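Have a look at run-v1.cif below; it lists mmCIF, N, CA and C atoms.
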data_work
loop_
_atom_site.label_atom_id
_atom_site.label_comp_id
_atom_site.auth_asym_id
_atom_site.auth_seq_id
_atom_site.Cartn_x
_atom_site.Cartn_y
_atom_site.Cartn_z
N MET A 3 71.93 81.44 34.78
CA MET A 3 72.61 80.29 34.26
C MET A 3 71.90 79.02 34.73
N VAL A 4 70.71 78.80 34.25
CA VAL A 4 69.97 77.62 34.62
C VAL A 4 69.99 76.67 33.44
N LYS A 5 70.86 75.70 33.53
CA LYS A 5 70.98 74.72 32.47
C LYS A 5 70.94 73.34 33.10
N THR A 6 70.14 72.46 32.55
CA THR A 6 70.08 71.11 33.10
C THR A 6 71.27 70.33 32.58
N ILE A 7 71.86 69.55 33.45
CA ILE A 7 73.01 68.75 33.08
C ILE A 7 72.55 67.31 32.94
N ASP A 8 72.84 66.72 31.79
CA ASP A 8 72.47 65.32 31.58
C ASP A 8 73.50 64.40 32.24
N MET A 9 73.28 63.11 32.17
CA MET A 9 74.17 62.15 32.83
C MET A 9 75.59 62.20 32.26
N GLN A 10 75.72 62.35 30.95
CA GLN A 10 77.05 62.42 30.35
C GLN A 10 77.78 63.66 30.85
N GLY A 11 77.08 64.77 30.93
CA GLY A 11 77.67 66.00 31.46
C GLY A 11 78.11 65.84 32.90
N MET A 12 77.31 65.13 33.68
CA MET A 12 77.66 64.88 35.07
C MET A 12 78.94 64.04 35.15
N ARG A 13 79.07 63.09 34.26
CA ARG A 13 80.29 62.26 34.24
C ARG A 13 81.51 63.11 33.90
N TYR A 14 81.36 64.02 32.93
CA TYR A 14 82.48 64.90 32.57
C TYR A 14 82.88 65.78 33.76
N LEU A 15 81.89 66.34 34.44
CA LEU A 15 82.19 67.21 35.59
C LEU A 15 82.86 66.42 36.72
N ASN A 16 82.39 65.21 36.97
CA ASN A 16 82.99 64.39 38.02
C ASN A 16 84.42 63.99 37.67
N LEU A 17 84.65 63.64 36.41
CA LEU A 17 86.00 63.28 35.97
C LEU A 17 86.94 64.49 36.09
N PHE A 18 86.44 65.66 35.69
CA PHE A 18 87.23 66.89 35.80
C PHE A 18 87.62 67.15 37.25
N GLU A 19 86.66 66.99 38.15
CA GLU A 19 86.94 67.22 39.57
C GLU A 19 87.92 66.19 40.12
N LYS A 20 87.76 64.94 39.70
CA LYS A 20 88.64 63.88 40.19
C LYS A 20 90.09 64.09 39.74
N ILE A 21 90.28 64.53 38.50
CA ILE A 21 91.63 64.71 37.97
C ILE A 21 92.26 66.01 38.46
N THR A 22 91.50 67.11 38.47
CA THR A 22 92.08 68.41 38.79
C THR A 22 91.93 68.80 40.26
N GLY A 23 90.94 68.26 40.93
CA GLY A 23 90.69 68.66 42.31
C GLY A 23 89.88 69.95 42.40
N ILE A 24 89.33 70.37 41.28
CA ILE A 24 88.54 71.62 41.24
C ILE A 24 87.10 71.28 40.89
N ARG A 25 86.17 71.76 41.69
CA ARG A 25 84.76 71.54 41.43
C ARG A 25 84.22 72.73 40.62
N THR A 26 83.60 72.41 39.51
CA THR A 26 82.98 73.46 38.69
C THR A 26 81.61 72.97 38.25
N ARG A 27 80.73 73.89 37.96
CA ARG A 27 79.40 73.55 37.46
C ARG A 27 79.26 73.92 36.00
N PHE A 28 80.26 74.59 35.46
CA PHE A 28 80.12 75.15 34.12
C PHE A 28 81.01 74.44 33.11
N PHE A 29 80.39 73.85 32.13
CA PHE A 29 81.12 73.32 30.99
C PHE A 29 80.15 73.31 29.82
N PHE A 30 80.71 73.31 28.62
CA PHE A 30 79.87 73.26 27.43
C PHE A 30 80.68 72.68 26.27
N ASN A 31 79.96 72.30 25.23
CA ASN A 31 80.59 71.81 24.00
C ASN A 31 80.69 72.97 23.03
N TYR A 32 81.85 73.10 22.41
CA TYR A 32 82.00 74.08 21.34
C TYR A 32 82.96 73.48 20.32
N ASN A 33 82.52 73.34 19.09
CA ASN A 33 83.36 72.84 18.00
C ASN A 33 83.94 71.47 18.36
N ASN A 34 83.10 70.57 18.85
CA ASN A 34 83.50 69.21 19.22
C ASN A 34 84.62 69.20 20.26
N MET A 35 84.59 70.16 21.16
CA MET A 35 85.60 70.28 22.21
C MET A 35 84.86 70.58 23.52
N LEU A 36 85.32 70.00 24.61
CA LEU A 36 84.74 70.30 25.91
C LEU A 36 85.47 71.48 26.52
N VAL A 37 84.72 72.48 26.93
CA VAL A 37 85.29 73.68 27.54
C VAL A 37 84.79 73.75 28.97
N PHE A 38 85.74 73.72 29.92
CA PHE A 38 85.41 73.83 31.33
C PHE A 38 85.72 75.25 31.79
N VAL A 39 84.81 75.83 32.57
CA VAL A 39 84.95 77.21 33.03
C VAL A 39 85.23 77.18 34.53
N VAL A 40 86.39 77.72 34.91
CA VAL A 40 86.80 77.74 36.33
C VAL A 40 87.17 79.17 36.71
N PRO A 41 87.17 79.49 38.01
CA PRO A 41 87.63 80.82 38.43
C PRO A 41 89.07 81.06 37.99
N LYS A 42 89.38 82.29 37.65
CA LYS A 42 90.69 82.64 37.09
C LYS A 42 91.88 82.18 37.95
N PRO A 43 91.85 82.34 39.28
CA PRO A 43 93.01 81.92 40.08
C PRO A 43 93.27 80.40 40.05
N LEU A 44 92.27 79.61 39.63
CA LEU A 44 92.42 78.15 39.66
C LEU A 44 92.78 77.55 38.30
N ILE A 45 93.02 78.38 37.29
CA ILE A 45 93.32 77.85 35.96
C ILE A 45 94.62 77.04 35.97
N ALA A 46 95.65 77.53 36.60
CA ALA A 46 96.94 76.82 36.62
C ALA A 46 96.79 75.46 37.30
N LYS A 47 96.03 75.40 38.37
CA LYS A 47 95.80 74.13 39.05
C LYS A 47 95.01 73.17 38.17
N ALA A 48 94.03 73.70 37.44
CA ALA A 48 93.22 72.86 36.56
C ALA A 48 94.05 72.28 35.41
N LEU A 49 94.97 73.07 34.88
CA LEU A 49 95.81 72.59 33.78
C LEU A 49 96.80 71.55 34.25
N GLY A 50 97.34 71.73 35.43
CA GLY A 50 98.34 70.80 35.95
C GLY A 50 99.72 71.15 35.42
N LYS A 51 100.72 70.47 35.97
CA LYS A 51 102.10 70.72 35.54
C LYS A 51 102.27 70.24 34.10
N ASP A 52 102.73 71.13 33.24
CA ASP A 52 102.90 70.85 31.80
C ASP A 52 101.61 70.34 31.15
N ASN A 53 100.48 70.87 31.56
CA ASN A 53 99.16 70.49 31.03
C ASN A 53 98.85 69.00 31.22
N SER A 54 99.41 68.38 32.22
CA SER A 54 99.23 66.94 32.42
C SER A 54 97.76 66.58 32.69
N ASN A 55 97.05 67.43 33.43
CA ASN A 55 95.64 67.14 33.71
C ASN A 55 94.80 67.14 32.44
N LEU A 56 95.06 68.11 31.56
CA LEU A 56 94.30 68.18 30.31
C LEU A 56 94.60 66.98 29.42
N ARG A 57 95.86 66.63 29.32
CA ARG A 57 96.23 65.48 28.48
C ARG A 57 95.60 64.20 29.00
N ARG A 58 95.66 64.01 30.32
CA ARG A 58 95.09 62.80 30.92
C ARG A 58 93.59 62.71 30.67
N MET A 59 92.90 63.82 30.86
CA MET A 59 91.45 63.83 30.66
C MET A 59 91.10 63.64 29.19
N SER A 60 91.87 64.24 28.31
CA SER A 60 91.65 64.11 26.88
C SER A 60 91.84 62.67 26.42
N GLU A 61 92.82 61.99 26.98
CA GLU A 61 93.04 60.58 26.63
C GLU A 61 91.89 59.71 27.11
N ILE A 62 91.33 60.02 28.26
CA ILE A 62 90.25 59.20 28.81
C ILE A 62 88.97 59.35 28.00
N ILE A 63 88.58 60.59 27.67
CA ILE A 63 87.29 60.79 27.00
C ILE A 63 87.40 60.97 25.49
N LYS A 64 88.62 60.98 24.97
CA LYS A 64 88.86 61.04 23.52
C LYS A 64 88.25 62.28 22.87
N LYS A 65 88.35 63.41 23.58
CA LYS A 65 87.92 64.70 23.04
C LYS A 65 88.95 65.75 23.42
N ARG A 66 88.96 66.85 22.65
CA ARG A 66 89.82 67.97 23.03
C ARG A 66 89.21 68.66 24.24
N ILE A 67 90.07 69.16 25.11
CA ILE A 67 89.64 69.82 26.34
C ILE A 67 90.26 71.21 26.39
N ARG A 68 89.49 72.17 26.87
CA ARG A 68 90.01 73.52 27.09
C ARG A 68 89.47 74.03 28.42
N VAL A 69 90.31 74.74 29.15
CA VAL A 69 89.92 75.35 30.42
C VAL A 69 90.04 76.85 30.26
N ILE A 70 88.97 77.58 30.58
CA ILE A 70 88.98 79.04 30.45
C ILE A 70 88.51 79.67 31.75
N ALA A 71 88.80 80.96 31.87
CA ALA A 71 88.45 81.70 33.09
C ALA A 71 86.97 82.07 33.09
N GLN A 72 86.39 81.98 34.26
CA GLN A 72 84.99 82.33 34.44
C GLN A 72 84.84 83.85 34.35
N PRO A 73 83.90 84.33 33.53
CA PRO A 73 83.72 85.79 33.42
C PRO A 73 83.11 86.35 34.69
N ARG A 74 83.61 87.52 35.09
CA ARG A 74 83.10 88.16 36.31
C ARG A 74 81.93 89.08 36.00
N GLY A 75 81.78 89.46 34.76
CA GLY A 75 80.69 90.35 34.39
C GLY A 75 80.81 90.76 32.94
N ILE A 76 80.13 91.83 32.60
CA ILE A 76 80.09 92.31 31.22
C ILE A 76 81.48 92.70 30.72
N GLU A 77 82.34 93.19 31.61
CA GLU A 77 83.66 93.66 31.18
C GLU A 77 84.56 92.51 30.69
N ASP A 78 84.24 91.27 31.04
CA ASP A 78 85.05 90.12 30.64
C ASP A 78 84.54 89.42 29.39
N ILE A 79 83.51 89.95 28.75
CA ILE A 79 82.91 89.27 27.61
C ILE A 79 83.91 89.04 26.48
N LYS A 80 84.68 90.06 26.12
CA LYS A 80 85.61 89.94 25.00
C LYS A 80 86.66 88.86 25.27
N ILE A 81 87.23 88.85 26.47
CA ILE A 81 88.25 87.86 26.82
C ILE A 81 87.63 86.46 26.83
N PHE A 82 86.42 86.34 27.35
CA PHE A 82 85.73 85.05 27.42
C PHE A 82 85.49 84.48 26.02
N ILE A 83 84.95 85.30 25.13
CA ILE A 83 84.65 84.82 23.78
C ILE A 83 85.94 84.53 23.01
N GLN A 84 86.97 85.38 23.19
CA GLN A 84 88.25 85.12 22.53
C GLN A 84 88.85 83.80 23.01
N SER A 85 88.70 83.49 24.28
CA SER A 85 89.21 82.23 24.82
C SER A 85 88.50 81.03 24.19
N ILE A 86 87.23 81.17 23.92
CA ILE A 86 86.46 80.07 23.34
C ILE A 86 86.84 79.84 21.89
N VAL A 87 86.92 80.91 21.08
CA VAL A 87 87.14 80.76 19.64
C VAL A 87 88.61 80.69 19.26
N ASN A 88 89.51 80.84 20.22
CA ASN A 88 90.94 80.79 19.95
C ASN A 88 91.29 79.54 19.16
N PRO A 89 92.04 79.55 18.12
CA PRO A 89 92.98 80.53 17.61
C PRO A 89 92.38 81.50 16.58
N LEU A 90 91.08 81.44 16.32
CA LEU A 90 90.48 82.37 15.37
C LEU A 90 90.53 83.79 15.92
N GLU A 91 90.68 84.73 15.02
CA GLU A 91 90.73 86.15 15.40
C GLU A 91 89.46 86.84 14.91
N PHE A 92 89.06 87.87 15.61
CA PHE A 92 87.96 88.71 15.14
C PHE A 92 88.36 90.16 15.29
N LYS A 93 87.72 91.02 14.48
CA LYS A 93 88.10 92.44 14.46
C LYS A 93 87.63 93.18 15.70
N ASP A 94 86.34 93.03 16.02
CA ASP A 94 85.78 93.83 17.11
C ASP A 94 84.63 93.09 17.76
N LEU A 95 84.36 93.44 18.99
CA LEU A 95 83.23 92.89 19.72
C LEU A 95 82.50 94.07 20.35
N GLU A 96 81.25 94.23 19.98
CA GLU A 96 80.45 95.35 20.46
C GLU A 96 79.35 94.83 21.38
N VAL A 97 79.27 95.40 22.57
CA VAL A 97 78.26 94.99 23.54
C VAL A 97 77.21 96.09 23.64
N LYS A 98 75.99 95.74 23.27
CA LYS A 98 74.87 96.68 23.41
C LYS A 98 74.04 96.25 24.61
N GLU A 99 72.88 96.85 24.79
CA GLU A 99 72.04 96.57 25.96
C GLU A 99 71.75 95.09 26.14
N ASP A 100 71.23 94.45 25.11
CA ASP A 100 70.86 93.04 25.23
C ASP A 100 71.42 92.20 24.09
N GLU A 101 72.52 92.67 23.47
CA GLU A 101 73.05 91.98 22.30
C GLU A 101 74.57 92.13 22.23
N ILE A 102 75.22 91.09 21.76
CA ILE A 102 76.65 91.11 21.52
C ILE A 102 76.86 90.90 20.03
N ILE A 103 77.59 91.84 19.40
CA ILE A 103 77.83 91.76 17.96
C ILE A 103 79.32 91.57 17.74
N LEU A 104 79.67 90.47 17.09
CA LEU A 104 81.06 90.16 16.80
C LEU A 104 81.33 90.49 15.34
N THR A 105 82.34 91.29 15.07
CA THR A 105 82.71 91.67 13.71
C THR A 105 83.97 90.90 13.34
N ALA A 106 83.91 90.22 12.20
CA ALA A 106 85.05 89.39 11.79
C ALA A 106 85.31 89.59 10.31
N GLY A 107 86.52 89.23 9.87
CA GLY A 107 86.86 89.26 8.45
C GLY A 107 86.17 88.11 7.73
N LYS A 108 86.35 88.05 6.41
CA LYS A 108 85.65 87.07 5.60
C LYS A 108 86.02 85.63 5.99
N GLN A 109 87.32 85.33 6.12
CA GLN A 109 87.76 83.99 6.47
C GLN A 109 87.33 83.62 7.89
N SER A 110 87.56 84.54 8.81
CA SER A 110 87.21 84.27 10.20
C SER A 110 85.71 84.10 10.37
N LYS A 111 84.94 84.88 9.63
CA LYS A 111 83.49 84.79 9.75
C LYS A 111 83.00 83.41 9.33
N ALA A 112 83.55 82.88 8.25
CA ALA A 112 83.17 81.54 7.80
C ALA A 112 83.51 80.50 8.85
N ALA A 113 84.69 80.62 9.46
CA ALA A 113 85.10 79.67 10.49
C ALA A 113 84.25 79.82 11.75
N LEU A 114 83.88 81.05 12.09
CA LEU A 114 83.07 81.28 13.28
C LEU A 114 81.64 80.78 13.10
N LEU A 115 81.14 80.83 11.87
CA LEU A 115 79.79 80.33 11.60
C LEU A 115 79.75 78.81 11.61
N GLY A 116 80.72 78.18 10.97
CA GLY A 116 80.76 76.72 10.90
C GLY A 116 79.79 76.17 9.88
N ARG A 117 79.94 74.90 9.62
CA ARG A 117 79.05 74.23 8.66
C ARG A 117 77.64 74.21 9.22
N ASP A 118 76.68 74.59 8.40
CA ASP A 118 75.27 74.67 8.79
C ASP A 118 75.06 75.56 10.02
N LYS A 119 75.94 76.55 10.20
CA LYS A 119 75.88 77.52 11.31
C LYS A 119 75.91 76.84 12.67
N ARG A 120 76.59 75.69 12.74
CA ARG A 120 76.63 74.94 13.99
C ARG A 120 77.37 75.69 15.09
N ARG A 121 78.50 76.28 14.76
CA ARG A 121 79.27 77.02 15.77
C ARG A 121 78.54 78.28 16.22
N LEU A 122 77.84 78.91 15.30
CA LEU A 122 77.05 80.10 15.66
C LEU A 122 75.96 79.72 16.66
N ILE A 123 75.29 78.62 16.42
CA ILE A 123 74.22 78.16 17.33
C ILE A 123 74.80 77.82 18.70
N GLU A 124 75.96 77.14 18.70
CA GLU A 124 76.61 76.81 19.97
C GLU A 124 76.99 78.08 20.73
N MET A 125 77.54 79.07 20.02
CA MET A 125 77.95 80.31 20.67
C MET A 125 76.74 81.09 21.18
N LYS A 126 75.62 81.07 20.45
CA LYS A 126 74.41 81.72 20.92
C LYS A 126 73.94 81.11 22.24
N ASP A 127 74.01 79.78 22.33
CA ASP A 127 73.62 79.10 23.57
C ASP A 127 74.55 79.49 24.72
N ILE A 128 75.85 79.54 24.45
CA ILE A 128 76.83 79.86 25.49
C ILE A 128 76.63 81.28 26.00
N VAL A 129 76.50 82.23 25.07
CA VAL A 129 76.32 83.64 25.46
C VAL A 129 74.99 83.83 26.18
N GLY A 130 73.97 83.16 25.71
CA GLY A 130 72.67 83.24 26.38
C GLY A 130 72.73 82.70 27.79
N GLU A 131 73.48 81.61 27.98
CA GLU A 131 73.58 80.98 29.29
C GLU A 131 74.39 81.83 30.27
N PHE A 132 75.53 82.37 29.82
CA PHE A 132 76.41 83.10 30.72
C PHE A 132 76.03 84.56 30.92
N PHE A 133 75.54 85.21 29.86
CA PHE A 133 75.30 86.66 29.96
C PHE A 133 73.84 87.05 29.74
N ASN A 134 72.98 86.09 29.37
CA ASN A 134 71.57 86.35 29.11
C ASN A 134 71.40 87.43 28.05
N MET A 135 72.18 87.29 26.97
CA MET A 135 72.14 88.25 25.86
C MET A 135 72.07 87.49 24.54
N GLU A 136 71.66 88.20 23.50
CA GLU A 136 71.65 87.66 22.15
C GLU A 136 73.07 87.78 21.57
N PHE A 137 73.38 86.94 20.58
CA PHE A 137 74.69 86.96 19.95
C PHE A 137 74.51 86.87 18.46
N ARG A 138 75.28 87.69 17.73
CA ARG A 138 75.29 87.59 16.27
C ARG A 138 76.64 87.99 15.72
N ILE A 139 76.90 87.51 14.51
CA ILE A 139 78.17 87.80 13.84
C ILE A 139 77.88 88.70 12.66
N ALA A 140 78.60 89.81 12.58
CA ALA A 140 78.39 90.76 11.48
C ALA A 140 79.53 90.67 10.49
#
Render the structure in this file as structure tokens.
Amino acid sequence: MVKTIDMQGMRYLNLFEKITGIRTRFFFNYNNMLVFVVPKPLIAKALGKDNSNLRRMSEIIKKRIRVIAQPRGIEDIKIFIQSIVNPLEFKDLEVKEDEIILTAGKQSKAALLGRDKRRLIEMKDIVGEFFNMEFRIA
């Protein structure tokens, strides 16, 4: 997971830490939304009482915010990807040696690809960064 963080990313991470009290190094953009990745036991603290931390941060930076659990390994891939693409549903997720294949219905596939395959490209970057694997939608 070697990704360079630009100044804007550093500002997002510092703001997240200031509001939630949780230090994380992992965040990414997906579908014009900031997704912060924290260890599973700290999700409730990151959200705050009645999601107050998320609302406050969202008001400050004028973007949607999501907090998801950090994957512990290959066994958490399906939960991790489902957390990112939620509320979209997919039929199946197959993990091969160096590739992840997501199977979706016709409507879900179009939504998962996005205009000009923007969401697919974002998801490829995310999967490559976290699991060092290729990603494709079937």
**Asked** What is the atom N of A:Phe92 to atom N of A:Gln109 distance in Å?
**Response** 10.0 Å
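The residue that comes closest to A:Gly75, out of A:Phe132, A:Met9, A:Asn16, A:Gly107 and on the basis of only C-alpha atoms, is A:Phe132.
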**Asked** Which residues match the PyMOL selection byres ((chain A and resi 124-127) around 7) in the file above, as a PyMOL selection string?
**Response** chain A and resi 31-33+119-123+128-132+136-138
**Request:** Please write the residues picked by the PyMOL selection byres (((chain A and resi 140 and name CA) around 12) and name CA) on this file as a ChimeraX atom specification.
**Result:** /A:92-96,102-108,110-112,114-115,122,137-139
**Asked** Could you write out, as a ChimeraX atom specification, all the residues of stretch 79-132 of chain A that DSSP marks as alpha helix (DSSP H)?
**Response** /A:79-87,108-115,120-132
**Message:** Taking only chain A into account, list the residues labelled strand (DSSP E) by DSSP (computed from the backbone), as a ChimeraX atom specification.
**Reply:** /A:28-32,35-40,66-71,94-97,101-105,136-139
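Closest to A:Arg58 among A:Ile21, A:Gly11, A:Pro43, A:Thr6 is A:Ile21, based on all atoms listed in the file.
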**Prompt:** Given the choices A:Ala113, A:Leu36, A:Leu17, A:Val69, which gets closest to A:Leu90 if the distance is worked out from only N, CA and C atoms?
**Reply:** A:Ala113
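The space between atom CA of A:Glu19 and atom CA of A:Glu77 spans 27.9 Å.
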**Distance in Å - atom CA of A:Val39 versus atom CA of A:Asn134** = 16.7 Å
**Request:** Pick out the closest residue to A:Asn55 from this set: A:Lys42, A:Lys20, A:Arg27, A:Lys80. Count only C-alpha atoms.
**Result:** A:Lys20
**Request:** Kindly resolve the PyMOL selection byres ((chain A and resi 71) around 8) on the present coordinates and return the residues as number ranges by chain.
**Result:** A: 38-45, 68-70, 72-74, 81-82, 85
Mind dumping the selected residues with N, CA and C atoms as a compact mmCIF listing (two decimals), keeping the file's coordinate frame?
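Done, and the output landed in out-v2.txt:
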# COMPACT_ATOMS: atom_id res chain seq x y z
N PHE A 38 85.74 73.72 29.92
CA PHE A 38 85.41 73.83 31.33
C PHE A 38 85.72 75.25 31.79
N VAL A 39 84.81 75.83 32.57
CA VAL A 39 84.95 77.21 33.03
C VAL A 39 85.23 77.18 34.53
N VAL A 40 86.39 77.72 34.91
CA VAL A 40 86.80 77.74 36.33
C VAL A 40 87.17 79.17 36.71
N PRO A 41 87.17 79.49 38.01
CA PRO A 41 87.63 80.82 38.43
C PRO A 41 89.07 81.06 37.99
N LYS A 42 89.38 82.29 37.65
CA LYS A 42 90.69 82.64 37.09
C LYS A 42 91.88 82.18 37.95
N PRO A 43 91.85 82.34 39.28
CA PRO A 43 93.01 81.92 40.08
C PRO A 43 93.27 80.40 40.05
N LEU A 44 92.27 79.61 39.63
CA LEU A 44 92.42 78.15 39.66
C LEU A 44 92.78 77.55 38.30
N ILE A 45 93.02 78.38 37.29
CA ILE A 45 93.32 77.85 35.96
C ILE A 45 94.62 77.04 35.97
N ARG A 68 89.49 72.17 26.87
CA ARG A 68 90.01 73.52 27.09
C ARG A 68 89.47 74.03 28.42
N VAL A 69 90.31 74.74 29.15
CA VAL A 69 89.92 75.35 30.42
C VAL A 69 90.04 76.85 30.26
N ILE A 70 88.97 77.58 30.58
CA ILE A 70 88.98 79.04 30.45
C ILE A 70 88.51 79.67 31.75
N GLN A 72 86.39 81.98 34.26
CA GLN A 72 84.99 82.33 34.44
C GLN A 72 84.84 83.85 34.35
N PRO A 73 83.90 84.33 33.53
CA PRO A 73 83.72 85.79 33.42
C PRO A 73 83.11 86.35 34.69
N ARG A 74 83.61 87.52 35.09
CA ARG A 74 83.10 88.16 36.31
C ARG A 74 81.93 89.08 36.00
N ILE A 81 87.23 88.85 26.47
CA ILE A 81 88.25 87.86 26.82
C ILE A 81 87.63 86.46 26.83
N PHE A 82 86.42 86.34 27.35
CA PHE A 82 85.73 85.05 27.42
C PHE A 82 85.49 84.48 26.02
N SER A 85 88.70 83.49 24.28
CA SER A 85 89.21 82.23 24.82
C SER A 85 88.50 81.03 24.19
Kindly list the centre and edge lengths in Å, rounded to one decimal, for the axis-aligned box that covers all listed atoms of stretch 74-90 of chain A plus 5 Å on each of its six sides, as lines of an AutoDock Vina configuration file.
center_x = 86.5
center_y = 86.6
center_z = 25.8
size_x = 22.9
size_y = 24.1
size_z = 30.9
